[in-house]
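Q: Compact mmCIF, C-alpha atoms, saved as final11.txt, coming up:
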```txt
# COMPACT_ATOMS: atom_id res chain seq x y z
CA MET A 1 24.02 119.72 -25.77
CA ALA A 2 25.85 118.53 -22.68
CA GLN A 3 29.05 120.43 -23.42
CA ALA A 4 27.92 124.01 -23.61
CA SER A 5 31.43 125.42 -23.61
CA THR A 6 32.17 123.94 -27.02
CA ILE A 7 29.08 125.47 -28.63
CA SER A 8 28.95 129.17 -29.31
CA TYR A 9 26.07 131.31 -28.09
CA TRP A 10 24.96 131.88 -31.66
CA GLU A 11 24.79 128.12 -32.10
CA LEU A 12 22.56 127.85 -29.01
CA ILE A 13 20.12 130.38 -30.39
CA LYS A 14 20.12 128.73 -33.80
CA ASN A 15 19.42 125.33 -32.23
CA GLY A 16 16.40 126.73 -30.46
CA ILE A 17 14.98 128.30 -33.58
CA ILE A 18 15.67 125.62 -36.16
CA LYS A 19 16.92 122.26 -34.91
CA ASP A 20 14.87 122.03 -31.72
CA ASN A 21 11.98 124.26 -32.73
CA THR A 22 9.43 123.67 -30.00
CA ILE A 23 6.37 123.47 -32.18
CA PHE A 24 7.45 122.27 -35.61
CA LYS A 25 10.16 119.83 -34.54
CA LEU A 26 9.51 118.70 -31.00
CA ALA A 27 5.71 119.07 -31.22
CA LEU A 28 5.54 120.26 -27.62
CA SER A 29 3.45 123.08 -26.14
CA LEU A 30 1.01 122.87 -28.98
CA CYS A 31 -2.03 124.26 -27.20
CA PRO A 32 -1.33 127.99 -27.64
CA SER A 33 -0.02 127.43 -31.15
CA ILE A 34 -3.64 126.98 -32.19
CA ALA A 35 -5.56 128.74 -29.48
CA VAL A 36 -4.09 132.22 -29.76
CA THR A 37 -2.94 132.30 -33.36
CA ASN A 38 -6.10 133.48 -35.09
CA ASN A 39 -4.56 136.92 -35.35
CA LEU A 40 -1.01 138.14 -35.61
CA LYS A 41 -1.06 140.44 -32.59
CA ASN A 42 -2.13 137.73 -30.15
CA GLY A 43 0.34 135.28 -31.62
CA VAL A 44 3.28 137.66 -31.31
CA LEU A 45 2.37 138.76 -27.78
CA MET A 46 2.03 135.16 -26.66
CA GLY A 47 5.40 134.38 -28.21
CA VAL A 48 7.00 137.31 -26.40
CA ALA A 49 5.46 136.18 -23.10
CA VAL A 50 6.91 132.70 -23.56
CA LEU A 51 10.29 134.11 -24.60
CA PHE A 52 10.39 136.17 -21.40
CA VAL A 53 9.34 133.31 -19.13
CA GLN A 54 11.71 130.82 -20.75
CA THR A 55 14.72 133.14 -20.47
CA MET A 56 14.02 134.19 -16.90
CA VAL A 57 13.34 130.61 -15.77
CA ASN A 58 16.55 129.39 -17.37
CA MET A 59 18.55 132.13 -15.66
CA THR A 60 16.95 131.58 -12.28
CA ILE A 61 17.43 127.82 -12.36
CA SER A 62 20.99 128.22 -13.52
CA LEU A 63 21.72 130.61 -10.64
CA MET A 64 20.21 128.20 -8.15
CA ARG A 65 21.59 124.99 -9.64
CA LYS A 66 24.20 124.40 -6.91
CA VAL A 67 21.68 124.91 -4.09
CA ILE A 68 18.86 122.73 -5.42
CA ASN A 69 18.79 119.23 -4.02
CA PRO A 70 18.37 116.87 -7.00
CA LYS A 71 15.67 114.92 -5.18
CA VAL A 72 13.28 117.84 -4.96
CA ARG A 73 14.33 119.56 -8.17
CA LEU A 74 11.07 119.14 -10.07
CA PRO A 75 8.82 120.85 -7.50
CA ILE A 76 11.37 123.66 -7.27
CA PHE A 77 11.44 124.06 -11.06
CA MET A 78 7.64 124.20 -11.08
CA LEU A 79 7.67 126.84 -8.35
CA VAL A 80 10.17 128.99 -10.24
CA ILE A 81 8.20 128.64 -13.47
CA SER A 82 4.86 129.47 -11.87
CA GLY A 83 6.41 132.44 -10.12
CA TRP A 84 7.60 133.93 -13.41
CA VAL A 85 4.32 133.06 -15.11
CA THR A 86 2.39 134.86 -12.37
CA ILE A 87 4.55 137.94 -12.96
CA THR A 88 3.95 137.78 -16.72
CA ASP A 89 0.25 137.13 -16.22
CA MET A 90 -0.24 140.13 -13.95
CA SER A 91 1.85 142.48 -16.10
CA MET A 92 -0.08 141.51 -19.20
CA ALA A 93 -3.39 142.01 -17.41
CA ALA A 94 -2.20 145.49 -16.44
CA PHE A 95 -0.58 146.64 -19.69
CA VAL A 96 -2.52 144.95 -22.49
CA PRO A 97 -5.96 144.33 -20.95
CA ASP A 98 -7.80 143.97 -24.28
CA VAL A 99 -5.53 141.19 -25.48
CA TYR A 100 -5.43 139.64 -22.03
CA LYS A 101 -9.20 139.29 -22.03
CA GLN A 102 -8.95 136.96 -25.02
CA MET A 103 -5.95 134.90 -24.06
CA GLY A 104 -5.62 135.26 -20.30
CA LEU A 105 -6.21 131.57 -19.66
CA TYR A 106 -3.48 130.59 -22.10
CA VAL A 107 -0.99 132.94 -20.50
CA GLN A 108 -1.64 131.32 -17.13
CA LEU A 109 -1.19 127.94 -18.73
CA ILE A 110 2.35 128.77 -19.86
CA VAL A 111 3.18 127.21 -16.52
CA ALA A 112 2.24 123.83 -17.97
CA PHE A 113 4.58 124.06 -20.94
CA ALA A 114 6.59 120.90 -21.24
CA SER A 115 9.24 122.75 -23.22
CA ILE A 116 10.05 125.22 -20.44
CA LEU A 117 10.38 122.49 -17.83
CA ALA A 118 12.41 120.39 -20.25
CA ARG A 119 14.94 123.19 -20.87
CA ALA A 120 15.24 123.86 -17.15
CA GLU A 121 15.91 120.19 -16.52
CA MET A 122 18.11 119.42 -19.51
CA PHE A 123 20.08 122.62 -19.88
CA ALA A 124 19.80 125.28 -17.21
CA SER A 125 20.34 122.96 -14.26
CA LYS A 126 23.67 121.84 -15.75
CA ASN A 127 25.10 125.00 -17.26
CA LYS A 128 26.36 128.43 -16.27
CA ILE A 129 24.11 131.45 -16.34
CA THR A 130 25.18 133.00 -19.67
CA PRO A 131 24.75 129.89 -21.83
CA SER A 132 21.46 129.20 -20.05
CA MET A 133 20.27 132.68 -20.88
CA PHE A 134 21.12 132.25 -24.55
CA ASP A 135 19.53 128.82 -24.59
CA GLY A 136 16.36 130.36 -23.17
CA ILE A 137 16.42 133.16 -25.72
CA GLY A 138 16.92 130.65 -28.53
CA MET A 139 14.08 128.39 -27.46
CA GLY A 140 11.84 131.39 -26.85
CA LEU A 141 12.66 132.87 -30.25
CA GLY A 142 11.91 129.53 -31.88
CA PHE A 143 8.51 129.53 -30.25
CA LEU A 144 7.90 133.17 -31.17
CA PHE A 145 8.91 132.39 -34.75
CA ALA A 146 6.50 129.45 -34.98
CA LEU A 147 3.60 131.42 -33.50
CA THR A 148 4.31 134.38 -35.78
CA VAL A 149 4.35 132.22 -38.90
CA ILE A 150 1.14 130.40 -37.97
CA SER A 151 -0.77 133.53 -36.96
CA PHE A 152 0.54 135.44 -39.99
CA PHE A 153 -0.99 132.94 -42.38
CA ARG A 154 -4.16 132.47 -40.39
CA GLU A 155 -4.93 136.16 -40.13
CA LEU A 156 -3.89 136.93 -43.70
CA ILE A 157 -5.96 134.18 -45.26
CA GLY A 158 -8.74 133.94 -42.69
CA LYS A 159 -9.46 137.64 -42.29
CA GLY A 160 -7.54 139.30 -45.10
CA SER A 161 -5.77 141.54 -42.63
CA LEU A 162 -2.51 141.81 -40.69
CA TRP A 163 -2.25 143.21 -37.14
CA GLY A 164 -5.83 144.40 -37.53
CA HIS A 165 -5.20 146.33 -40.76
CA ALA A 166 -7.11 145.14 -43.80
CA ILE A 167 -4.79 144.13 -46.62
CA ILE A 168 -6.62 141.88 -49.02
CA ASN A 169 -9.95 142.98 -50.41
CA ALA A 170 -11.16 139.58 -51.59
CA LYS A 171 -13.53 137.52 -49.51
CA PRO A 172 -11.39 135.72 -46.92
CA LEU A 173 -11.43 131.99 -46.25
CA LEU A 174 -13.19 132.17 -42.93
CA ILE A 175 -12.34 128.59 -42.04
CA LEU A 176 -8.76 129.44 -41.17
CA ILE A 177 -9.71 131.52 -38.16
CA LEU A 178 -12.18 128.93 -36.94
CA PRO A 179 -10.85 126.34 -34.47
CA ALA A 180 -10.67 123.66 -37.15
CA GLY A 181 -8.63 125.93 -39.39
CA GLY A 182 -5.97 126.21 -36.70
CA PHE A 183 -5.38 122.49 -36.87
CA PHE A 184 -5.25 122.56 -40.66
CA ALA A 185 -2.81 125.48 -40.66
CA VAL A 186 -0.42 123.84 -38.18
CA GLY A 187 -0.65 120.49 -39.96
CA ILE A 188 0.13 121.99 -43.34
CA LEU A 189 2.96 124.15 -42.00
CA MET A 190 4.48 121.13 -40.24
CA ALA A 191 4.31 119.14 -43.47
CA LEU A 192 5.96 122.06 -45.27
CA PHE A 193 8.81 122.11 -42.76
CA ASN A 194 9.22 118.35 -43.11
CA TRP A 195 9.32 118.70 -46.85
CA ILE A 196 11.96 121.45 -46.74
CA ASP A 197 13.92 119.33 -44.31
CA THR A 198 13.96 116.22 -46.50
CA ARG A 199 14.83 118.30 -49.58
CA TYR A 200 17.69 119.92 -47.68
CA LEU A 201 19.01 116.58 -46.43
CA LYS A 202 18.79 115.08 -49.91
CA ALA A 203 20.64 118.04 -51.42
CA GLN A 204 23.32 117.68 -48.77
CA ALA A 205 23.67 113.95 -49.34
CA SER A 206 24.02 114.29 -53.10
CA GLY A 207 26.48 117.16 -52.68
CA HIS A 208 28.99 114.98 -50.83
CA MET B 1 -33.58 121.49 -6.97
CA GLU B 2 -34.85 120.86 -10.47
CA SER B 3 -33.09 123.87 -11.95
CA GLU B 4 -29.86 123.03 -10.13
CA PHE B 5 -29.91 119.57 -11.68
CA THR B 6 -30.56 121.04 -15.12
CA LYS B 7 -27.66 123.43 -14.67
CA ILE B 8 -25.33 120.57 -13.79
CA PHE B 9 -26.47 118.53 -16.74
CA GLU B 10 -25.93 121.52 -19.00
CA LEU B 11 -22.45 122.03 -17.59
CA ILE B 12 -21.48 118.43 -18.31
CA ILE B 13 -22.82 118.54 -21.86
CA SER B 14 -21.28 121.90 -22.56
CA ALA B 15 -17.87 120.97 -21.17
CA SER B 16 -17.74 117.67 -23.00
CA LEU B 17 -19.28 118.48 -26.38
CA ILE B 18 -19.73 122.17 -27.08
CA ASN B 19 -16.61 123.53 -25.43
CA ASN B 20 -14.67 120.32 -25.86
CA PHE B 21 -11.21 120.96 -24.48
CA VAL B 22 -9.33 119.50 -27.39
CA PHE B 23 -11.39 120.73 -30.31
CA THR B 24 -12.55 124.17 -29.28
CA ARG B 25 -10.22 125.22 -26.48
CA PHE B 26 -7.10 123.49 -27.83
CA LEU B 27 -5.83 122.31 -24.50
CA GLY B 28 -3.99 119.10 -23.74
CA LEU B 29 -2.80 118.73 -27.29
CA CYS B 30 0.60 117.28 -26.38
CA ILE B 31 -1.00 114.35 -24.61
CA PHE B 32 -3.74 114.15 -27.19
CA PHE B 33 -1.25 113.61 -30.01
CA GLY B 34 1.15 111.59 -27.91
CA VAL B 35 -1.21 108.95 -26.56
CA SER B 36 -3.76 108.61 -29.35
CA LYS B 37 -1.73 106.17 -31.45
CA LYS B 38 -3.21 103.09 -29.81
CA MET B 39 -6.71 102.45 -28.55
CA GLU B 40 -5.61 100.65 -25.39
CA THR B 41 -3.38 103.44 -24.12
CA SER B 42 -5.93 106.10 -24.91
CA VAL B 43 -8.61 104.31 -22.92
CA GLY B 44 -6.24 103.98 -19.95
CA MET B 45 -5.23 107.60 -20.27
CA SER B 46 -8.83 108.80 -20.44
CA ILE B 47 -9.71 106.97 -17.24
CA THR B 48 -6.69 108.31 -15.36
CA PHE B 49 -7.33 111.73 -16.72
CA THR B 50 -11.00 111.95 -15.76
CA ALA B 51 -10.27 110.67 -12.27
CA VAL B 52 -7.37 113.06 -11.66
CA MET B 53 -9.39 115.91 -13.11
CA MET B 54 -12.39 115.41 -10.81
CA VAL B 55 -10.30 114.95 -7.70
CA SER B 56 -8.17 117.98 -8.51
CA ALA B 57 -11.28 120.06 -9.24
CA ALA B 58 -12.72 119.12 -5.84
CA LEU B 59 -9.48 119.61 -3.93
CA SER B 60 -8.62 122.93 -5.46
CA TRP B 61 -12.19 124.17 -4.94
CA PHE B 62 -11.80 123.62 -1.20
CA ILE B 63 -8.38 125.22 -1.12
CA PHE B 64 -9.48 128.16 -3.22
CA ASN B 65 -12.67 128.93 -1.30
CA TYR B 66 -11.61 128.10 2.24
CA VAL B 67 -7.94 129.06 2.26
CA MET B 68 -7.12 131.44 -0.55
CA VAL B 69 -10.21 133.63 -0.62
CA PRO B 70 -10.25 134.30 3.16
CA LEU B 71 -6.51 135.02 3.18
CA ASP B 72 -6.86 137.19 0.08
CA ILE B 73 -4.09 135.41 -1.80
CA THR B 74 -6.05 134.47 -4.92
CA PHE B 75 -3.30 135.92 -7.11
CA LEU B 76 -1.19 132.92 -6.11
CA LYS B 77 -3.67 130.53 -7.70
CA ILE B 78 -1.33 129.34 -10.45
CA ILE B 79 1.36 128.33 -7.97
CA VAL B 80 -1.06 126.71 -5.52
CA PHE B 81 -3.00 124.76 -8.14
CA ILE B 82 0.10 123.41 -9.78
CA GLY B 83 1.29 122.23 -6.38
CA VAL B 84 -2.00 120.48 -5.66
CA ILE B 85 -1.96 118.78 -9.05
CA ALA B 86 1.68 117.72 -8.82
CA GLY B 87 0.94 116.05 -5.49
CA LEU B 88 -2.13 114.33 -6.86
CA VAL B 89 -0.35 113.04 -9.92
CA GLN B 90 2.45 111.70 -7.78
CA ALA B 91 -0.15 109.85 -5.73
CA SER B 92 -1.99 108.38 -8.70
CA ASP B 93 1.38 107.45 -10.20
CA THR B 94 2.26 105.40 -7.12
CA ILE B 95 -1.18 103.80 -6.94
CA MET B 96 -1.16 102.82 -10.62
CA ARG B 97 2.31 101.34 -10.34
CA LYS B 98 1.10 99.03 -7.58
CA VAL B 99 -2.38 98.21 -8.88
CA VAL B 100 -2.01 98.02 -12.68
CA PRO B 101 1.72 97.70 -13.44
CA GLY B 102 1.11 96.72 -17.07
CA LEU B 103 -0.76 99.90 -17.86
CA TYR B 104 1.70 101.91 -15.81
CA TYR B 105 4.55 100.60 -17.93
CA LYS B 106 2.81 101.75 -21.11
CA LEU B 107 1.60 105.15 -19.91
CA GLY B 108 4.71 105.86 -17.81
CA ILE B 109 6.02 109.03 -19.39
CA TYR B 110 2.62 110.54 -20.14
CA LEU B 111 1.44 110.00 -16.60
CA ALA B 112 4.46 111.95 -15.44
CA LEU B 113 3.53 114.62 -17.96
CA ILE B 114 0.02 114.99 -16.52
CA SER B 115 1.39 117.27 -13.83
CA THR B 116 2.49 119.71 -16.50
CA ASN B 117 -0.69 119.27 -18.51
CA CYS B 118 -2.78 122.23 -19.42
CA ILE B 119 -6.23 120.64 -19.13
CA ILE B 120 -5.73 119.44 -15.60
CA LEU B 121 -4.57 122.91 -14.62
CA ALA B 122 -7.18 124.69 -16.71
CA VAL B 123 -10.11 123.05 -14.91
CA PRO B 124 -9.37 124.54 -11.46
CA LEU B 125 -8.41 127.86 -13.05
CA ILE B 126 -11.70 128.08 -14.96
CA ASN B 127 -13.65 126.91 -11.91
CA ALA B 128 -12.06 129.68 -9.87
CA GLY B 129 -12.60 132.25 -12.60
CA GLU B 130 -16.27 131.40 -13.09
CA HIS B 131 -17.03 131.11 -9.35
CA TYR B 132 -18.67 127.72 -9.73
CA SER B 133 -20.18 126.03 -6.69
CA PHE B 134 -18.68 122.80 -5.41
CA ILE B 135 -21.11 120.54 -7.30
CA GLN B 136 -20.74 122.65 -10.43
CA SER B 137 -16.94 122.39 -10.23
CA LEU B 138 -17.22 118.61 -9.97
CA ALA B 139 -19.62 118.55 -12.93
CA PHE B 140 -17.27 120.71 -14.96
CA GLY B 141 -14.36 118.40 -14.13
CA LEU B 142 -16.38 115.33 -15.10
CA GLY B 143 -17.62 116.90 -18.32
CA SER B 144 -14.14 117.98 -19.33
CA GLY B 145 -12.78 114.52 -18.56
CA LEU B 146 -15.49 112.84 -20.61
CA GLY B 147 -14.93 115.26 -23.47
CA PHE B 148 -11.22 114.54 -23.46
CA ALA B 149 -11.89 110.80 -23.33
CA LEU B 150 -14.26 111.09 -26.29
CA ALA B 151 -11.68 113.05 -28.27
CA LEU B 152 -8.91 110.56 -27.46
CA ILE B 153 -10.99 107.54 -28.40
CA ILE B 154 -12.23 109.01 -31.69
CA MET B 155 -8.69 110.00 -32.56
CA ALA B 156 -7.20 106.63 -31.59
CA SER B 157 -9.66 104.74 -33.75
CA ILE B 158 -8.92 106.98 -36.72
CA ARG B 159 -5.17 106.78 -36.27
CA GLU B 160 -5.20 103.00 -36.07
CA ARG B 161 -6.70 102.97 -39.55
CA LEU B 162 -4.50 105.79 -40.75
CA GLU B 163 -1.48 103.53 -40.22
CA LEU B 164 -2.60 101.55 -43.26
CA ALA B 165 -3.35 104.54 -45.45
CA ASP B 166 -0.99 105.84 -48.10
CA VAL B 167 -0.23 109.35 -46.90
CA PRO B 168 2.12 111.72 -48.80
CA VAL B 169 5.58 111.51 -47.23
CA PRO B 170 5.86 115.01 -45.71
CA PHE B 171 2.44 114.58 -44.11
CA ARG B 172 3.28 111.28 -42.38
CA GLY B 173 2.88 111.26 -38.62
CA LEU B 174 1.98 114.45 -36.83
CA PRO B 175 0.98 116.73 -39.73
CA MET B 176 -1.64 114.22 -40.84
CA ALA B 177 -2.85 113.86 -37.26
CA PHE B 178 -3.32 117.63 -37.17
CA VAL B 179 -5.34 117.67 -40.36
CA VAL B 180 -7.53 114.82 -39.10
CA THR B 181 -8.06 116.68 -35.83
CA GLY B 182 -9.07 119.70 -37.85
CA LEU B 183 -11.73 117.65 -39.60
CA ILE B 184 -13.08 116.32 -36.30
CA ALA B 185 -13.07 119.85 -34.90
CA LEU B 186 -15.09 120.95 -37.90
CA ALA B 187 -17.63 118.26 -37.06
CA PHE B 188 -17.68 119.36 -33.44
CA THR B 189 -18.56 122.95 -34.38
CA GLY B 190 -21.95 121.42 -35.20
CA PHE B 191 -22.56 121.12 -31.46
CA SER B 192 -22.22 124.84 -30.86
CA GLY B 193 -25.55 126.40 -29.99
CA LEU B 194 -26.92 123.10 -28.69
CA ILE B 195 -27.24 124.59 -25.22
CA THR B 196 -26.81 128.21 -24.30
CA LEU B 197 -25.52 128.61 -20.78
```
With the file now loaded, output its structure as structure tokens.
A:
Amino acid sequence: MAQASTISYWELIKNGIIKDNTIFKLALSLCPSIAVTNNLKNGVLMGVAVLFVQTMVNMTISLMRKVINPKVRLPIFMLVISGWVTITDMSMAAFVPDVYKQMGLYVQLIVAFASILARAEMFASKNKITPSMFDGIGMGLGFLFALTVISFFRELIGKGSLWGHAIINAKPLLILILPAGGFFAVGILMALFNWIDTRYLKAQASGH
Amino acid sequence: MESEFTKIFELIISASLINNFVFTRFLGLCIFFGVSKKMETSVGMSITFTAVMMVSAALSWFIFNYVMVPLDITFLKIIVFIGVIAGLVQASDTIMRKVVPGLYYKLGIYLALISTNCIILAVPLINAGEHYSFIQSLAFGLGSGLGFALALIIMASIRERLELADVPVPFRGLPMAFVVTGLIALAFTGFSGLITL
């Protein structure tokens, strides 16, 4: 990670989605992964909000990296993050008020995402603006991907619909859209990813 | 006076049991899963957490009502609250290092993470959103802290036993913790409707 110049931009994005996936691999920023994922629309919008904040924060920090005194870097990072979150928060309240009513609190709490601060500290403060931007996009896409997968399954099985449109006619398993179901869904998906991972590693090991 | 007291009692019960932060609002999950492996650390964390939460609720109430509302800058509440909390955490970090170095050594990284923790930030944000009075804000902070402590301690005691259980390989670690949390959350839905605010 330290030598950005040797890794291509595509590699950076791939890392964010697969290797360092915020939710399934690092298990950071878990709160919204359960709170807003009981339907696909909320999940996707939340993911997009995080993608935006992560990218903008990475770019801003990278632009300012030569000016920031290392001793006060954390408060400055927090200020930058909360500034961008405030912008996102107010735009969402203005443009998608019905969704915002349900998940407003969680949008404001993007500011407390460990993953955003971690990327600012580990990547953006050490790299040029273009790699930082791609790193932000990658991490954001990884988060968006995780939220989309979780909310897809929860809405499909819990309500029998997708994006508000009814798809399955059978009686849905209501438990999946209840709070408890969120934990089950994330736990099972995490186990699934682990399983795929171990299978993949085994296949690779036997191939050599 | 009587009704005010009832209201406060209701707030504490509702924040700790019915709207438990971990199980029904899904906040503070990173810390919840990170610290709940051992009983000792979770007890230490709960105490720190409740204390920081109450102080930050009080402090941000004063700042919100006496500085931000008169100046009409309430839209800056995210930035201001995070600043208040970061300062507070820094202070409690220094105090803990001096007073209980053993615990500090164990909780180290998570204490640093408190400043970027959703629950601590959510309490002042909800207080501001609901226009609670000063006492009510304190009660809400206390209730949330107690609720989080309860969640942590239940989880820690389960996970200590879970270490000995034979869990399918892909489920080891976090996935199993999630499923267990789901089961506790299911139990906690039984509290809903206990008090209607």
Q: Could you tell me how far atom CA of A:Asp98 lies from atom CA of A:Pro32, in Å and to one decimal?
A: 17.6 Å
Q: State, in Å with one decimal place, the distance from atom CA of A:Met190 to atom CA of B:Pro175.
A: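 Computed distance, atom CA of A:Met190 to atom CA of B:Pro175, equals 5.6 Å.
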Q: Of the residues B:Met53, B:Ile120, B:Ile73, B:Val67, which is the one nearest to chain A, using all atoms listed in the file?
A: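 Of the candidates, the smallest distance to chain A is held by B:Ile120.
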Q: For chain B, work out the contacting residues on chain A at 9 Å, counting all atoms listed in the file, and write them as an NGL selection string.
A: :A and (27-35 or 75 or 78-79 or 81-83 or 85-86 or 90 or 105-106 or 108-114 or 117 or 178-196 or 198)
Q: Using all atoms listed in the file, can you tell me which of A:Leu74, A:Val50, A:Leu162, A:Leu156 comes closest to A:Leu174?
A: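 Looking at the shortest contact to A:Leu174, the residue is A:Leu156.
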Q: Using Å and a single decimal, report how far atom CA of B:Gly141 sits from atom CA of B:Ile95.
A: 20.9 Å
Q: For A:Ile137, which of A:Met122, A:Ile23, A:Tyr100, A:Ile116 is the closest residue, counting only C-alpha atoms?
A: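 Of A:Met122, A:Ile23, A:Tyr100, A:Ile116, the one nearest A:Ile137, counting only C-alpha atoms, is A:Ile116.
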Q: Grab all the atoms of stretch 107-111 of chain A that the file lists, wrap them in a box along x, y and z, add 8 Å per side, and give me centre plus edge lengths in Å (one decimal) as JSON.
A:
```
{"center_x": 0.8, "center_y": 130.1, "center_z": -18.5, "size_x": 20.8, "size_y": 21.7, "size_z": 20.0}
```
Q: Determine the nearest neighbour of B:Ile85 from the options B:Met39, B:Ala149, B:Ala57, B:Ala139, counting all atoms listed in the file.
A: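 Answer, going by the shortest atom-to-atom distance: B:Ala57.
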Q: So that I can see what lies close to stretch 139-154 of chain A, please list as a PyMOL selection string the residues with an atom at most 9 Å from it, counting only C-alpha atoms and leaving out residues fewer than 2 positions away in the same chain.
A: chain A and resi 12-18+20-24+32-34+36-55+115-116+119+134-137+156-160+162-163+176-177+181-182+185-186+189
